[in-house]
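J.: Sharing final_33.txt below, compact mmCIF, C-alpha atoms:
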# COMPACT_ATOMS: atom_id res chain seq x y z
CA MET A 1 123.83 129.93 82.29
CA LEU A 2 120.18 130.68 82.04
CA TRP A 3 119.10 134.13 83.05
CA PRO A 4 115.56 135.44 82.98
CA PHE A 5 116.30 138.73 81.26
CA ASN A 6 118.31 137.57 78.24
CA HIS A 7 116.25 138.94 75.36
CA PHE A 8 119.03 139.93 72.98
CA GLY A 9 118.20 137.36 70.32
CA LYS A 10 114.72 136.56 69.11
CA PRO A 11 114.04 132.81 68.80
CA ARG A 12 112.84 131.40 65.50
CA ALA A 13 109.07 131.00 65.31
CA SER A 14 109.31 127.18 65.05
CA LEU A 15 111.52 127.03 68.15
CA ARG A 16 109.17 129.32 70.03
CA GLY A 17 106.24 127.05 69.11
CA THR A 18 108.08 123.95 70.27
CA ILE A 19 109.08 125.62 73.53
CA GLU A 20 105.50 126.78 74.04
CA THR A 21 104.36 123.16 73.60
CA ILE A 22 106.97 121.83 76.02
CA TYR A 23 106.20 124.50 78.59
CA GLY A 24 102.50 123.72 78.25
CA MET A 25 103.26 120.05 78.89
CA ILE A 26 105.21 120.98 82.03
CA VAL A 27 102.42 123.20 83.37
CA THR A 28 99.76 120.59 82.58
CA GLN A 29 101.75 117.90 84.39
CA THR A 30 102.19 120.04 87.50
CA ARG A 31 98.42 120.46 87.66
CA GLU A 32 97.90 116.69 87.90
CA PRO A 33 95.73 116.17 91.04
CA LEU A 34 97.60 112.99 92.04
CA PHE A 35 100.61 115.06 93.13
CA TYR A 36 98.49 116.93 95.64
CA ARG A 37 96.06 114.20 96.63
CA ASP A 38 98.35 111.14 96.76
CA LEU A 39 101.94 112.41 96.99
CA GLY A 40 101.42 115.11 99.61
CA VAL A 41 102.53 118.11 97.56
CA PRO A 42 100.93 121.12 99.25
CA ASP A 43 98.18 122.54 97.06
CA THR A 44 99.41 126.08 97.60
CA VAL A 45 101.13 128.70 95.46
CA ASN A 46 104.49 127.59 96.88
CA GLY A 47 103.74 123.89 96.44
CA ARG A 48 102.72 124.40 92.83
CA PHE A 49 105.77 126.58 92.16
CA ASP A 50 108.11 123.95 93.64
CA LEU A 51 106.54 121.19 91.54
CA LEU A 52 106.86 123.39 88.43
CA VAL A 53 110.54 123.97 89.23
CA LEU A 54 111.13 120.21 89.56
CA HIS A 55 109.62 119.58 86.13
CA MET A 56 111.48 122.51 84.57
CA TRP A 57 114.70 121.14 86.03
CA MET A 58 114.05 117.66 84.60
CA VAL A 59 113.39 119.03 81.11
CA LEU A 60 116.34 121.45 81.22
CA ARG A 61 118.51 118.55 82.41
CA ARG A 62 117.50 116.62 79.27
CA PHE A 63 118.37 119.63 77.11
CA ARG A 64 121.96 119.30 78.39
CA LEU A 65 122.17 115.89 76.69
CA ALA A 66 120.73 117.06 73.36
CA GLN A 67 122.75 118.08 70.33
CA ASN A 68 122.01 121.21 68.28
CA VAL A 69 119.56 122.77 70.71
CA ALA A 70 120.73 126.31 69.97
CA ASN A 71 119.19 128.58 72.57
CA ALA A 72 116.17 126.34 73.31
CA PRO A 73 116.95 125.97 77.04
CA GLN A 74 117.17 129.75 77.40
CA VAL A 75 113.92 130.22 75.49
CA LEU A 76 112.23 127.69 77.80
CA PHE A 77 113.58 129.47 80.87
CA ASP A 78 112.44 132.83 79.46
CA ARG A 79 108.95 131.37 78.94
CA PHE A 80 108.92 130.19 82.57
CA CYS A 81 109.90 133.71 83.70
CA GLU A 82 107.21 135.30 81.52
CA ASP A 83 104.64 132.99 83.10
CA MET A 84 105.83 133.78 86.64
CA ASP A 85 105.69 137.52 85.89
CA ALA A 86 102.17 137.21 84.46
CA ASN A 87 101.03 135.17 87.47
CA LEU A 88 102.38 137.75 89.90
CA ARG A 89 100.56 140.53 88.10
CA GLU A 90 97.36 138.47 87.97
CA MET A 91 97.60 137.96 91.76
CA GLY A 92 97.74 141.74 92.15
CA VAL A 93 101.44 142.21 92.89
CA GLY A 94 102.38 145.80 92.08
CA ASP A 95 104.74 146.85 89.32
CA LEU A 96 107.41 147.98 91.79
CA THR A 97 107.39 144.66 93.64
CA VAL A 98 107.41 142.32 90.62
CA PRO A 99 111.18 142.63 89.91
CA LYS A 100 112.03 141.73 93.53
CA ARG A 101 109.72 138.75 93.42
CA MET A 102 111.17 137.67 90.06
CA GLN A 103 114.66 137.83 91.54
CA ALA A 104 113.45 135.64 94.41
CA PHE A 105 111.98 133.18 91.89
CA GLY A 106 115.29 133.06 90.03
CA GLU A 107 117.23 132.43 93.23
CA ALA A 108 114.76 129.73 94.26
CA PHE A 109 115.02 128.08 90.85
CA TYR A 110 118.81 128.03 90.81
CA GLY A 111 119.04 126.88 94.42
CA ARG A 112 116.68 123.98 93.83
CA ALA A 113 118.31 123.09 90.49
CA ALA A 114 121.72 122.88 92.17
CA ALA A 115 120.26 120.77 94.99
CA TYR A 116 118.57 118.41 92.50
CA ASP A 117 121.73 118.13 90.38
CA ALA A 118 123.71 117.06 93.44
CA ALA A 119 120.99 114.88 94.96
CA PHE A 120 120.14 112.87 91.86
CA ALA A 121 123.84 112.39 91.08
CA ALA A 122 124.34 110.95 94.58
CA GLY A 123 121.49 108.43 94.27
CA VAL A 124 119.83 106.24 96.92
CA ASP A 125 117.80 108.34 99.42
CA VAL A 126 119.47 111.68 98.71
CA PRO A 127 116.90 112.74 96.06
CA ALA A 128 114.06 111.98 98.47
CA TYR A 129 115.62 114.20 101.14
CA ALA A 130 116.03 117.05 98.63
CA LEU A 131 112.42 116.71 97.46
CA ARG A 132 111.12 116.43 101.01
CA LYS A 133 112.92 119.66 101.91
CA ASN A 134 112.03 121.65 98.79
CA ILE A 135 108.55 120.40 97.91
CA LEU A 136 107.03 118.67 100.96
CA ASN A 137 108.00 121.29 103.56
CA GLY A 138 110.40 118.89 105.28
CA GLU A 139 107.68 116.35 106.02
CA ASP A 140 106.57 112.88 104.90
CA MET A 141 109.61 110.85 103.87
CA GLU A 142 107.47 108.13 102.29
CA ASN A 143 105.87 110.55 99.84
CA ALA A 144 109.30 112.08 99.23
CA ARG A 145 110.56 108.63 98.21
CA ARG A 146 107.57 108.17 95.92
CA LEU A 147 108.16 111.59 94.37
CA ALA A 148 111.85 110.75 93.88
CA THR A 149 110.89 107.47 92.19
CA TYR A 150 108.54 109.40 89.92
CA ALA A 151 111.26 111.95 89.05
CA GLN A 152 113.75 109.18 88.28
CA ALA A 153 111.18 107.49 86.02
CA VAL A 154 110.56 110.76 84.16
CA MET A 155 114.29 111.37 83.72
CA ALA A 156 114.82 107.81 82.47
CA ASP A 157 111.99 108.29 79.95
CA LEU A 158 113.40 111.63 78.79
CA ASP A 159 116.94 110.23 78.56
CA GLY A 160 115.62 107.35 76.44
CA LEU A 161 114.25 109.70 73.78
CA ASP A 162 116.26 110.50 70.71
CA ASP A 163 117.00 114.19 70.32
CA ALA A 164 114.59 114.66 67.41
CA ALA A 165 111.61 113.29 69.38
CA PHE A 166 112.57 115.29 72.45
CA LEU A 167 113.01 118.56 70.56
CA ALA A 168 109.77 118.02 68.62
CA ALA A 169 107.87 117.54 71.92
CA GLU A 170 106.84 114.03 70.81
CA TRP A 171 106.71 112.68 74.33
CA SER A 172 104.69 112.93 77.50
CA PHE A 173 105.33 112.75 81.21
CA ALA A 174 104.60 109.54 83.08
CA ALA A 175 101.58 109.67 85.34
CA PRO A 176 102.61 110.19 88.97
CA ALA A 177 100.87 106.98 90.05
CA GLU A 178 102.92 104.97 87.54
CA ALA A 179 106.05 105.64 89.56
CA ASP A 180 104.81 103.27 92.28
CA ASP A 181 104.21 100.35 89.91
CA PRO A 182 107.48 98.65 88.90
CA ASN A 183 105.61 96.88 86.08
CA SER A 184 104.33 100.08 84.47
CA GLU A 185 106.02 101.50 81.40
CA GLY A 186 108.69 104.03 82.33
CA ALA A 187 108.74 103.09 86.02
CA ILE A 188 111.95 102.33 87.79
CA ALA A 189 112.30 98.71 88.91
CA ASP A 190 114.78 99.51 91.66
CA GLU A 191 112.98 100.73 94.75
CA ILE A 192 114.39 103.55 96.80
CA SER A 193 114.70 102.38 100.35
I'd like the structure from this file rewritten - as structure tokens, please.

T.:
Amino acid sequence: MLWPFNHFGKPRASLRGTIETIYGMIVTQTREPLFYRDLGVPDTVNGRFDLLVLHMWMVLRRFRLAQNVANAPQVLFDRFCEDMDANLREMGVGDLTVPKRMQAFGEAFYGRAAAYDAAFAAGVDVPAYALRKNILNGEDMENARRLATYAQAVMADLDGLDDAAFLAAEWSFAAPAEADDPNSEGAIADEIS
């Protein structure tokens, strides 16, 4: 189980650098304008948080398949929590309120992760419904389907990596627009109907 306040062991410097790279890739991907302009993700603090959680979930899901990852998933989750804490403080949230907000972030993360685990295991339209509820404020089923297609393409790409390439951060996320093109590299040929 990942928990945001597990700081008993210090990660090796090389692991910390790799996790920093992977987390940077996640954050960069969630800033891609196509999500907000073309896929209907609300360009709000909540919309950006929900998109970040989706990408964190996809990468942590891939960590489950990897061998010899030591505490890398926990280090990645800790980095996410550090970033959320820093963002709260930057937005002017007071020291007494930050722990409550961090607890809310943790609950939101775990709730969405459980929903995505179940939804993507079920297949067909279930992922789109979960994404519509959690990211698109319960609206726009067509964009939810497109977002689900994108997420499935990313997961297929990540699953296709060997562990060494994945752990060395020698990969990149597919562009959101590529999810609509069945001929693009990494896109899913099966359409979600």

J.: In terms of the shortest atom-to-atom distance over only C-alpha atoms, which of A:Leu76, A:Ala174, A:Val45, A:Val53 is closest to Arg16 (chain A)?

T.: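 With only C-alpha atoms as the atom set, the closest residue is A:Leu76.
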
J.: Which residue out of A:Leu39, A:Met102, A:Ala113, A:Ala169 has the minimum interatomic distance to Arg61 (chain A) when all atoms listed in the file are used?

T.: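 Ranked by minimum distance to Arg61 (chain A), first place goes to A:Ala113.
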
J.: Which residue out of A:Trp57, A:Tyr150, A:Phe77, A:Phe35 has the minimum interatomic distance to Arg112 (chain A) when only C-alpha atoms are used?

T.: A:Trp57

J.: Just give me the gap between CA of Val154 (chain A) and CA of Gly24 (chain A) in Å, one decimal is fine.

T.: 16.4 Å

J.: Within 10 Å of region 123-138 of chain A, which residues of region 82-119 of chain A show up? Give each one with its shortest atom-to-atom distance in Å (one decimal) and the two atoms involved, counting all atoms listed in the file, rows by chain then rising residue number, as a tab-separated table.

T.:
residue	atom	partner	partner_atom	distance
A:Ala108	CA	A:Asn134	CA	9.7
A:Gly111	CA	A:Asn134	CA	9.8
A:Arg112	CA	A:Asn134	CA	7.2
A:Ala115	CA	A:Ala130	CA	6.7
A:Tyr116	CA	A:Ala130	CA	6.8
A:Asp117	CA	A:Pro127	CA	9.2
A:Ala118	CA	A:Pro127	CA	8.5
A:Ala119	CA	A:Pro127	CA	4.7

J.: Nearest to Asp38 (chain A): which of A:Phe109, A:Leu147, A:Ala114, A:Gly160 is it, counting all atoms listed in the file?

T.: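 For Asp38 (chain A), the nearest of the given residues is A:Leu147.
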
J.: Work out how far apart CA of Gln152 (chain A) and CA of Val59 (chain A) are and give it in Å to one decimal.

T.: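 Value for the CA of Gln152 (chain A)-CA of Val59 (chain A) distance: 12.2 Å.
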
J.: If I take CA of Leu51 (chain A) and CA of Ala164 (chain A), how far is one from the other in Å, to one decimal?

T.: 26.3 Å

J.: Go through A:Phe105, A:Tyr23, A:Asn87, A:Ala72 one by one, measure the shortest atom-to-atom distance of each to Asp50 (chain A) using only C-alpha atoms, and give the residue with the smallest value.

T.: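 For Asp50 (chain A), the nearest of the candidates is A:Phe105.
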
J.: For a quick check of understanding, using all atoms listed in the file, which of A:Thr30, A:Asp43, A:Leu167, A:Asn68 has the smallest distance to Met56 (chain A)?

T.: A:Thr30

J.: Mind checking which residues fall within 12 Å of Glu82 (chain A), counting all atoms listed in the file, ignoring those fewer than 2 positions away in the same chain, and posting them as a ChimeraX atom specification?

T.: /A:4-7,20,23,75-80,84-89,98-99,102,105-106
